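Structure data follow from structure15.cif (mmCIF, C-alpha atoms (C1' of nucleotides)):
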data_structure
loop_
_atom_site.label_atom_id
_atom_site.label_comp_id
_atom_site.auth_asym_id
_atom_site.auth_seq_id
_atom_site.Cartn_x
_atom_site.Cartn_y
_atom_site.Cartn_z
CA MET A 1 21.67 40.88 -10.78
CA PRO A 2 23.47 37.54 -10.87
CA LYS A 3 22.46 34.71 -13.11
CA ARG A 4 20.25 31.90 -11.96
CA ASP A 5 21.84 28.71 -10.79
CA SER A 6 19.84 26.16 -12.71
CA PRO A 7 16.78 26.83 -14.78
CA LYS A 8 15.56 23.25 -14.73
CA ARG A 9 11.86 22.90 -14.39
CA LYS A 10 9.81 19.99 -13.14
CA THR A 11 7.03 18.99 -15.50
CA GLY A 12 4.82 16.91 -13.27
CA ARG A 13 5.50 16.40 -9.66
CA LYS A 14 5.44 13.14 -7.73
CA ARG A 15 2.61 10.79 -8.62
CA PRO A 16 2.13 8.27 -5.87
CA PRO A 17 -1.39 6.96 -6.49
CA THR A 18 -2.22 9.07 -3.49
CA LEU A 19 -1.20 7.30 -0.31
CA THR A 20 -1.31 10.50 1.61
CA VAL A 21 -0.94 11.35 5.25
CA GLN A 22 -4.70 11.54 5.52
CA THR A 23 -5.13 8.15 3.96
CA GLU A 24 -2.81 6.67 6.51
CA ASP A 25 -4.59 8.44 9.32
CA TYR A 26 -7.93 7.09 8.26
CA LEU A 27 -6.65 3.56 8.05
CA GLU A 28 -4.90 3.79 11.36
CA ARG A 29 -7.98 5.04 13.14
CA ILE A 30 -10.27 2.59 11.45
CA GLN A 31 -8.06 -0.28 12.50
CA GLU A 32 -7.95 1.08 16.02
CA LEU A 33 -11.72 1.29 16.16
CA LEU A 34 -12.09 -2.22 14.84
CA ASP A 35 -9.69 -3.48 17.45
CA ARG A 36 -11.38 -1.63 20.24
CA LYS A 37 -15.05 -1.86 19.39
CA GLY A 38 -15.37 -4.39 16.63
CA TYR A 39 -16.80 -1.95 14.14
CA ALA A 40 -15.95 1.40 12.65
CA ARG A 41 -18.74 3.66 11.58
CA VAL A 42 -18.58 6.88 9.70
CA SER A 43 -19.44 8.84 12.80
CA ASP A 44 -16.89 7.05 14.88
CA ILE A 45 -14.19 7.83 12.40
CA ALA A 46 -15.39 11.40 12.15
CA ASP A 47 -15.13 11.77 15.90
CA GLN A 48 -11.70 10.20 16.01
CA LEU A 49 -10.34 12.49 13.37
CA SER A 50 -12.35 15.55 14.32
CA LEU A 51 -13.97 15.70 10.92
CA THR A 52 -17.56 15.90 9.84
CA PRO A 53 -19.40 12.80 8.70
CA SER A 54 -19.75 14.18 5.21
CA THR A 55 -16.03 14.44 4.92
CA VAL A 56 -15.54 10.93 6.13
CA SER A 57 -18.27 9.58 3.94
CA ASN A 58 -16.62 11.02 0.88
CA MET A 59 -13.16 10.00 1.90
CA VAL A 60 -14.19 6.48 2.63
CA ARG A 61 -15.25 6.16 -0.96
CA ARG A 62 -11.82 7.18 -2.10
CA LEU A 63 -10.22 4.64 0.18
CA ALA A 64 -12.46 2.02 -1.34
CA GLY A 65 -11.36 3.17 -4.77
CA GLN A 66 -7.81 2.41 -3.77
CA ASP A 67 -8.71 -1.03 -2.49
CA LEU A 68 -7.80 -0.07 1.01
CA ILE A 69 -11.21 -0.78 2.43
CA GLU A 70 -14.39 -2.50 1.36
CA PHE A 71 -17.43 -0.45 1.76
CA GLU A 72 -21.15 -0.67 1.20
CA ASN A 73 -23.48 2.28 1.53
CA TYR A 74 -25.21 2.56 4.89
CA ARG A 75 -23.83 -0.81 5.78
CA GLY A 76 -20.38 -0.50 7.11
CA LEU A 77 -16.81 -1.03 6.15
CA ARG A 78 -13.84 -3.23 6.64
CA LEU A 79 -10.19 -3.11 5.73
CA THR A 80 -8.80 -5.05 2.84
CA SER A 81 -5.55 -6.87 3.43
CA LYS A 82 -3.84 -4.03 1.67
CA GLY A 83 -5.48 -1.50 3.96
CA ARG A 84 -4.70 -3.61 6.97
CA ALA A 85 -1.05 -3.71 5.98
CA VAL A 86 -0.90 0.06 5.84
CA ALA A 87 -2.71 0.40 9.14
CA HIS A 88 -0.44 -2.03 10.88
CA ARG A 89 2.64 -0.38 9.53
CA ILE A 90 1.49 2.98 10.84
CA GLN A 91 0.47 1.52 14.17
CA ALA A 92 3.87 -0.06 14.59
CA ARG A 93 5.49 3.26 13.93
CA HIS A 94 3.10 4.90 16.28
CA ALA A 95 4.04 2.53 19.07
CA ILE A 96 7.76 2.87 18.54
CA LEU A 97 7.66 6.63 18.41
CA THR A 98 5.38 6.90 21.40
CA GLU A 99 7.66 4.75 23.47
CA PHE A 100 10.63 6.77 22.43
CA LEU A 101 9.13 10.09 23.40
CA GLN A 102 7.82 8.71 26.65
CA VAL A 103 11.20 7.35 27.58
CA LEU A 104 12.66 10.74 26.84
CA GLY A 105 10.25 12.32 29.25
CA VAL A 106 8.44 14.46 26.73
CA ASP A 107 5.33 16.11 28.12
CA ALA A 108 2.51 13.62 27.91
CA ALA A 109 0.35 16.27 26.32
CA ASP A 110 2.78 16.62 23.44
CA VAL A 111 3.59 13.00 22.83
CA GLY A 112 0.37 12.17 21.06
CA GLN A 113 0.41 15.24 18.87
CA ASP A 114 4.00 14.83 17.88
CA VAL A 115 3.70 11.18 17.10
CA GLU A 116 0.68 11.75 14.94
CA GLY A 117 2.54 14.45 13.13
CA ILE A 118 5.69 12.57 12.40
CA GLU A 119 4.67 8.96 12.04
CA HIS A 120 3.87 9.47 8.39
CA HIS A 121 7.23 10.93 7.52
CA ILE A 122 9.77 8.49 8.77
CA SER A 123 11.94 6.08 6.83
CA ARG A 124 12.51 2.53 7.85
CA SER A 125 16.09 3.40 8.55
CA THR A 126 15.19 6.09 11.04
CA LEU A 127 12.50 4.03 12.64
CA GLU A 128 14.84 1.17 13.26
CA ALA A 129 17.44 3.46 14.70
CA ILE A 130 14.94 4.97 17.09
CA ASP A 131 13.67 1.60 18.11
CA ALA A 132 17.17 0.42 18.89
CA LEU A 133 17.90 3.64 20.68
CA THR A 134 14.90 3.33 22.93
CA LYS A 135 15.86 -0.18 23.91
CA THR A 136 19.41 0.84 24.59
CA LEU A 137 18.37 3.80 26.68
CA ARG A 138 16.25 1.55 28.83
CA LYS A 139 19.34 -0.48 29.55
CA HIS A 140 21.29 2.58 30.59
CA PRO A 141 19.18 4.46 33.08
CA LEU A 142 22.09 6.63 34.09
CA VAL A 143 22.54 7.91 30.58
CA LEU A 144 18.85 8.43 30.33
CA ALA A 145 18.84 10.36 33.56
CA GLU A 146 21.49 12.60 32.15
CA VAL A 147 19.25 13.39 29.21
CA ILE A 148 16.13 13.94 31.21
CA LYS A 149 17.50 16.13 33.95
CA ARG A 150 18.21 18.73 31.27
CA GLY A 151 17.23 22.23 32.21
CA GLY A 152 17.78 21.46 35.86
CA PRO A 153 15.16 20.81 38.52
CA GLY A 154 12.10 22.74 37.49
CA MET B 1 -25.75 -2.05 15.99
CA PRO B 2 -24.53 -0.49 19.20
CA LYS B 3 -25.04 3.12 20.05
CA ARG B 4 -22.46 5.71 19.21
CA ASP B 5 -20.09 6.86 21.88
CA SER B 6 -20.52 10.57 21.54
CA PRO B 7 -22.49 12.33 18.88
CA LYS B 8 -20.66 15.57 19.28
CA ARG B 9 -19.88 17.28 16.05
CA LYS B 10 -17.19 19.80 15.38
CA THR B 11 -18.55 22.96 13.86
CA GLY B 12 -15.42 24.51 12.53
CA ARG B 13 -12.13 22.72 12.67
CA LYS B 14 -8.89 24.26 13.72
CA ARG B 15 -8.43 27.77 12.42
CA PRO B 16 -4.76 28.52 12.43
CA PRO B 17 -4.59 31.53 10.12
CA THR B 18 -2.93 29.05 7.80
CA LEU B 19 0.64 28.51 8.90
CA THR B 20 0.93 25.36 6.87
CA VAL B 21 3.77 23.01 6.15
CA GLN B 22 4.22 24.66 2.78
CA THR B 23 4.34 28.09 4.29
CA GLU B 24 7.07 26.98 6.61
CA ASP B 25 8.96 25.34 3.78
CA TYR B 26 8.87 28.48 1.71
CA LEU B 27 10.12 30.62 4.54
CA GLU B 28 12.84 28.19 5.44
CA ARG B 29 14.16 28.05 1.91
CA ILE B 30 13.90 31.77 1.40
CA GLN B 31 15.91 32.39 4.53
CA GLU B 32 18.47 29.85 3.43
CA LEU B 33 18.82 31.55 0.06
CA LEU B 34 19.19 34.91 1.67
CA ASP B 35 21.91 33.59 3.94
CA ARG B 36 23.72 31.87 1.14
CA LYS B 37 23.39 34.26 -1.76
CA GLY B 38 22.07 37.47 -0.34
CA TYR B 39 18.90 37.40 -2.38
CA ALA B 40 16.02 35.05 -3.04
CA ARG B 41 14.34 35.22 -6.38
CA VAL B 42 11.24 33.49 -7.52
CA SER B 43 13.24 31.13 -9.69
CA ASP B 44 15.63 30.33 -6.92
CA ILE B 45 12.83 29.42 -4.63
CA ALA B 46 11.18 27.43 -7.37
CA ASP B 47 14.36 25.45 -7.91
CA GLN B 48 14.84 24.86 -4.21
CA LEU B 49 11.35 23.52 -3.77
CA SER B 50 11.05 21.85 -7.15
CA LEU B 51 8.10 23.98 -8.09
CA THR B 52 7.37 26.11 -11.12
CA PRO B 53 7.86 29.86 -11.01
CA SER B 54 4.18 30.47 -11.45
CA THR B 55 3.46 28.49 -8.36
CA VAL B 56 6.01 30.40 -6.37
CA SER B 57 4.88 33.72 -7.75
CA ASN B 58 1.37 33.04 -6.59
CA MET B 59 2.40 31.62 -3.27
CA VAL B 60 4.65 34.51 -2.51
CA ARG B 61 1.66 36.76 -2.73
CA ARG B 62 -0.11 34.71 -0.13
CA LEU B 63 2.87 34.88 2.18
CA ALA B 64 2.84 38.62 1.80
CA GLY B 65 -0.82 38.60 2.69
CA GLN B 66 0.12 36.97 5.95
CA ASP B 67 2.82 39.50 6.68
CA LEU B 68 5.48 36.88 6.44
CA ILE B 69 7.35 38.56 3.62
CA GLU B 70 7.39 41.90 1.92
CA PHE B 71 7.13 41.71 -1.79
CA GLU B 72 7.03 43.98 -4.78
CA ASN B 73 6.24 42.79 -8.27
CA TYR B 74 9.28 42.06 -10.42
CA ARG B 75 11.43 43.56 -7.73
CA GLY B 76 12.19 41.08 -5.07
CA LEU B 77 11.26 40.06 -1.61
CA ARG B 78 12.41 40.01 1.94
CA LEU B 79 11.24 38.44 5.13
CA THR B 80 9.38 40.38 7.74
CA SER B 81 10.43 39.88 11.33
CA LYS B 82 7.47 37.56 11.67
CA GLY B 83 8.59 35.55 8.66
CA ARG B 84 12.12 35.51 9.89
CA ALA B 85 10.99 34.16 13.22
CA VAL B 86 9.21 31.28 11.54
CA ALA B 87 12.17 30.58 9.28
CA HIS B 88 14.61 30.54 12.14
CA ARG B 89 12.44 28.30 14.20
CA ILE B 90 12.23 25.79 11.40
CA GLN B 91 15.91 26.02 10.64
CA ALA B 92 16.77 25.38 14.26
CA ARG B 93 14.58 22.32 14.22
CA HIS B 94 16.11 21.24 10.99
CA ALA B 95 19.59 21.42 12.42
CA ILE B 96 18.75 19.62 15.63
CA LEU B 97 16.91 16.84 13.88
CA THR B 98 19.58 16.40 11.24
CA GLU B 99 22.27 16.11 13.88
CA PHE B 100 20.24 13.61 15.77
CA LEU B 101 19.66 11.34 12.82
CA GLN B 102 23.24 11.60 11.72
CA VAL B 103 24.50 10.67 15.14
CA LEU B 104 22.19 7.70 15.07
CA GLY B 105 23.73 6.54 11.84
CA VAL B 106 20.63 6.84 9.73
CA ASP B 107 21.29 6.42 6.03
CA ALA B 108 22.43 9.73 4.68
CA ALA B 109 19.94 9.41 1.87
CA ASP B 110 17.08 9.24 4.35
CA VAL B 111 18.16 11.94 6.76
CA GLY B 112 17.18 14.84 4.55
CA GLN B 113 13.84 13.40 3.61
CA ASP B 114 12.90 12.51 7.14
CA VAL B 115 13.93 15.80 8.59
CA GLU B 116 11.97 17.73 6.03
CA GLY B 117 8.99 15.60 6.79
CA ILE B 118 9.02 15.90 10.53
CA GLU B 119 10.45 19.32 11.24
CA HIS B 120 7.01 20.85 10.90
CA HIS B 121 5.37 18.58 13.40
CA ILE B 122 7.43 18.69 16.54
CA SER B 123 6.74 20.37 19.85
CA ARG B 124 9.25 22.36 21.75
CA SER B 125 9.24 19.72 24.41
CA THR B 126 10.24 16.97 22.02
CA LEU B 127 12.78 19.10 20.29
CA GLU B 128 14.52 19.94 23.51
CA ALA B 129 14.57 16.34 24.55
CA ILE B 130 16.12 15.29 21.28
CA ASP B 131 18.68 18.02 21.45
CA ALA B 132 19.70 16.96 24.93
CA LEU B 133 19.74 13.36 23.85
CA THR B 134 22.04 14.03 20.94
CA LYS B 135 24.49 15.85 23.16
CA THR B 136 24.42 13.09 25.73
CA LEU B 137 24.95 10.42 23.14
CA ARG B 138 28.00 12.20 21.86
CA LYS B 139 29.43 11.99 25.36
CA HIS B 140 28.80 8.27 25.54
CA PRO B 141 30.25 6.71 22.44
CA LEU B 142 29.96 3.23 23.87
CA VAL B 143 26.24 3.58 24.33
CA LEU B 144 25.99 5.01 20.90
CA ALA B 145 27.94 2.12 19.48
CA GLU B 146 25.49 -0.22 21.09
CA VAL B 147 22.67 1.51 19.29
CA ILE B 148 24.34 1.65 15.95
CA LYS B 149 25.60 -1.89 15.73
CA ARG B 150 21.99 -2.99 15.82
CA GLY B 151 21.07 -5.77 13.46
CA GLY B 152 24.52 -7.26 13.75
CA PRO B 153 27.16 -7.46 11.06
CA GLY B 154 25.74 -7.85 7.58
"C1'" DA C 1 17.28 53.24 -28.51
"C1'" DT C 2 15.73 48.66 -29.81
"C1'" DA C 3 15.34 44.14 -29.65
"C1'" DC C 4 16.03 39.95 -27.31
"C1'" DA C 5 16.44 36.60 -23.61
"C1'" DA C 6 15.51 35.68 -19.13
"C1'" DA C 7 12.77 36.36 -15.16
"C1'" DG C 8 8.42 37.12 -13.39
"C1'" DT C 9 3.30 37.35 -13.62
"C1'" DT C 10 -1.51 36.23 -14.88
"C1'" DT C 11 -4.96 33.27 -16.07
"C1'" DG C 12 -7.23 29.02 -16.51
"C1'" DT C 13 -7.51 24.40 -14.87
"C1'" DG C 14 -7.24 20.52 -11.76
"C1'" DT C 15 -6.79 17.96 -7.38
"C1'" DG C 16 -7.21 17.10 -2.53
"C1'" DC C 17 -9.43 17.96 1.50
"C1'" DC C 18 -12.86 19.92 4.13
"C1'" DA C 19 -17.61 21.75 5.74
"C1'" DA C 20 -22.73 23.04 5.58
"C1'" DA C 21 -27.10 21.99 4.14
"C1'" DA C 22 -30.36 19.17 2.26
"C1'" DC C 23 -31.64 14.77 1.41
"C1'" DT C 24 -32.03 9.39 2.11
"C1'" DC C 25 -31.74 5.33 4.52
"C1'" DT C 26 -32.06 2.24 8.61
"C1'" DC C 27 -33.44 1.02 12.92
"C1'" DT C 28 -36.17 1.16 16.39
"C1'" DT C 29 -40.53 1.13 19.00
"C1'" DA C 30 -44.92 0.73 19.46
"C1'" DT D 1 -46.27 -1.48 9.58
"C1'" DA D 2 -45.94 3.47 10.23
"C1'" DA D 3 -43.58 7.09 12.17
"C1'" DG D 4 -39.45 9.55 14.12
"C1'" DA D 5 -34.71 9.90 15.34
"C1'" DG D 6 -30.39 9.55 14.12
"C1'" DA D 7 -26.75 7.81 11.05
"C1'" DG D 8 -25.19 8.23 6.47
"C1'" DT D 9 -25.00 10.38 1.87
"C1'" DT D 10 -25.05 13.88 -1.80
"C1'" DT D 11 -24.54 18.28 -3.37
"C1'" DT D 12 -22.47 22.46 -3.39
"C1'" DG D 13 -19.00 25.53 -2.31
"C1'" DG D 14 -14.49 26.94 -0.82
"C1'" DC D 15 -9.54 27.16 0.18
"C1'" DA D 16 -4.72 25.74 -0.51
"C1'" DC D 17 -1.55 24.40 -3.85
"C1'" DA D 18 0.16 23.03 -7.99
"C1'" DC D 19 0.91 23.20 -13.22
"C1'" DA D 20 0.93 25.02 -18.21
"C1'" DA D 21 0.47 28.51 -21.36
"C1'" DA D 22 0.23 33.08 -22.52
"C1'" DC D 23 1.70 37.40 -21.42
"C1'" DT D 24 4.60 41.43 -19.23
"C1'" DT D 25 8.59 43.36 -17.31
"C1'" DT D 26 13.43 43.84 -16.78
"C1'" DG D 27 18.14 43.80 -17.87
"C1'" DT D 28 21.45 43.50 -21.50
"C1'" DA D 29 23.78 43.52 -25.81
"C1'" DT D 30 24.24 45.92 -29.70
#

Whole structure given in structure tokens:
Amino acid sequence: MPKRDSPKRKTGRKRPPTLTVQTEDYLERIQELLDRKGYARVSDIADQLSLTPSTVSNMVRRLAGQDLIEFENYRGLRLTSKGRAVAHRIQARHAILTEFLQVLGVDAADVGQDVEGIEHHISRSTLEAIDALTKTLRKHPLVLAEVIKRGGPG
Amino acid sequence: MPKRDSPKRKTGRKRPPTLTVQTEDYLERIQELLDRKGYARVSDIADQLSLTPSTVSNMVRRLAGQDLIEFENYRGLRLTSKGRAVAHRIQARHAILTEFLQVLGVDAADVGQDVEGIEHHISRSTLEAIDALTKTLRKHPLVLAEVIKRGGPG
DNA sequence: ATACAAAGTTTGTGTGCCAAAACTCTCTTA
DNA sequence: TAAGAGAGTTTTGGCACACAAACTTTGTAT
């Protein structure tokens, strides 16, 4: 058996005060509900995220603990400026990525899923590149057509 | 307070027999190690994923439980055809996404991170579109230049 | 063969996220 | 102002992962 390459061992892994994918999802949906209906209740959020109210109720407390929302039992909730910033950032990404996939002709059914999956994992650098790319593609419909006609006529 | 939109409640959320992001990561790295060195030991995997050997040792057992690898204590491990299929799928995505971001001129430092983040969350439809797009862009350097020069000089 | 170092495993602990069930609160509506 | 319905909360439990520490196995050098 050959020797190992490098026996280094991590002691404690990354410690971001937990701004996880879920956290971002919650904030995004809450903001969306506030925009659309003016309020965001536990049940609404639960429906949006396909979670149970108990899950949301607990989670919401954690978000409050991170100063992302303000929250009072049985009363309701609103975003702090910090939470709003996160939500808006994610929403901007959401919009840019959605546009991109739509322009590319990705199946409508997949666009939503994919965007939700990847919007939390993209650097500013990539996001900007994709944004620019989308705009450029719009200006060059012939190039775009070349991309989309891939696979030939169904 | 207004009435709720729809009081429906999910009973049991999605039940994919757990093919999680981590699972895919493990398989991807194991396959990569096998390709590169011909074997994949617990420590190798641990180093690759920046985890401790105990974590990998335990996880590997779970992968075996899902018929993704075959494994014998202290002896070694290999992928099942099922595990290999997953690994290859992820590796293909990895390659396509990496190429795409590189062509777009995304900071090299970000490419790896982003790809690792998103490769687990992309539909076939999107992947094919991106693949086609990358190829098309290569054929149209002027269009590509228009994308990349975004933001102007300095 | 024996002992040692390195690799691997087991065990105990902790965190995050989720759900079910039981309980509490609030808002009607009369 | 007294229910009852429905929203919200708490409690309890569970799974997926991760680590550290203690332990076992394996390969190797002598």

I need the output of the PyMOL selection byres ((chain D and resi 17-30) around 12) for this file as a compact mmCIF listing (two decimals) with C-alpha atoms (C1' of nucleotides), keeping the file's coordinate frame; which residues are they?
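What ended up in expr.txt:
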# COMPACT_ATOMS: atom_id res chain seq x y z
CA MET A 1 21.67 40.88 -10.78
CA PRO A 2 23.47 37.54 -10.87
CA LYS A 3 22.46 34.71 -13.11
CA ARG A 9 11.86 22.90 -14.39
CA LYS A 10 9.81 19.99 -13.14
CA THR A 11 7.03 18.99 -15.50
CA GLY A 12 4.82 16.91 -13.27
CA ARG A 13 5.50 16.40 -9.66
CA LYS A 14 5.44 13.14 -7.73
CA THR B 20 0.93 25.36 6.87
CA VAL B 21 3.77 23.01 6.15
CA GLN B 22 4.22 24.66 2.78
CA THR B 23 4.34 28.09 4.29
CA ALA B 46 11.18 27.43 -7.37
CA LEU B 49 11.35 23.52 -3.77
CA SER B 50 11.05 21.85 -7.15
CA LEU B 51 8.10 23.98 -8.09
CA THR B 52 7.37 26.11 -11.12
CA PRO B 53 7.86 29.86 -11.01
CA SER B 54 4.18 30.47 -11.45
CA THR B 55 3.46 28.49 -8.36
CA VAL B 56 6.01 30.40 -6.37
CA SER B 57 4.88 33.72 -7.75
CA ASN B 58 1.37 33.04 -6.59
CA MET B 59 2.40 31.62 -3.27
CA VAL B 60 4.65 34.51 -2.51
CA ARG B 62 -0.11 34.71 -0.13
CA ASN B 73 6.24 42.79 -8.27
CA TYR B 74 9.28 42.06 -10.42
CA ARG B 75 11.43 43.56 -7.73
C1' DA C 1 17.28 53.24 -28.51
C1' DT C 2 15.73 48.66 -29.81
C1' DA C 3 15.34 44.14 -29.65
C1' DC C 4 16.03 39.95 -27.31
C1' DA C 5 16.44 36.60 -23.61
C1' DA C 6 15.51 35.68 -19.13
C1' DA C 7 12.77 36.36 -15.16
C1' DG C 8 8.42 37.12 -13.39
C1' DT C 9 3.30 37.35 -13.62
C1' DT C 10 -1.51 36.23 -14.88
C1' DT C 11 -4.96 33.27 -16.07
C1' DG C 12 -7.23 29.02 -16.51
C1' DT C 13 -7.51 24.40 -14.87
C1' DG C 14 -7.24 20.52 -11.76
C1' DT C 15 -6.79 17.96 -7.38
C1' DG C 16 -7.21 17.10 -2.53
C1' DC C 17 -9.43 17.96 1.50
C1' DC D 15 -9.54 27.16 0.18
C1' DA D 16 -4.72 25.74 -0.51

### Message
For this structure, which residues satisfy the selection - the PyMOL selection byres ((chain A) within 6 of (chain B)) - when it is evaluated on the file as given? I want them as an NGL selection string.
### Response
:A and (106 or 114 or 117-118 or 121-122 or 125-126 or 132-133 or 147)

Take every atom of segment 8-16 of chain D listed in the file, pad by 8 Å on each side, and give me the axis-aligned box centre and edge lengths in Å, one decimal, as AutoDock Vina command-line options.
--center_x -15.0 --center_y 17.7 --center_z 1.5 --size_x 36.5 --size_y 34.9 --size_z 25.9

### Query
Could you name the residues that touch Arg89 of chain B at 9 Å or less, counting only C-alpha atoms (C1' of nucleotides), but leaving out those on the same chain fewer than 5 positions away, as a PyMOL selection string?
chain B and resi 28+84+94

Using all atoms listed in the file, which residues of chain C come within 8 Å of chain A, and what is the closest atom pair for each, with the distance in Å to one decimal? Give it as CSV, sorted by chain and residue number.
residue,atom,partner,partner_atom,distance
C:DC18,C1',A:Thr55,CA,6.4
C:DA19,C1',A:Thr52,CA,7.1
C:DC25,C1',A:Tyr74,CA,7.1
C:DT26,C1',A:Tyr74,CA,7.8

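Between atom CA of Leu33 of chain B and atom CA of His88 of chain B lies a distance of 12.8 Å.
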
### Message
Distance cut-off 8 Å, counting all atoms listed in the file - which residues of chain D neighbour chain A? Return them as a PyMOL selection string.
### Response
chain D and resi 7-9+19

### Summary
Computed gap from atom CA of Leu19 of chain B to atom CA of Leu63 of chain A is 27.6 Å

### Query
Which residues match the PyMOL selection byres ((chain D and resi 5) around 12) in the file above, as a PyMOL selection string?
(chain C and resi 26-29) or (chain D and resi 3-4+6-7)

### Task
Grab the atom CA of Glu24 of chain A to atom CA of Leu97 of chain B distance for me, in Å with one decimal place.
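Computing it gives 23.4 Å between the two atoms.
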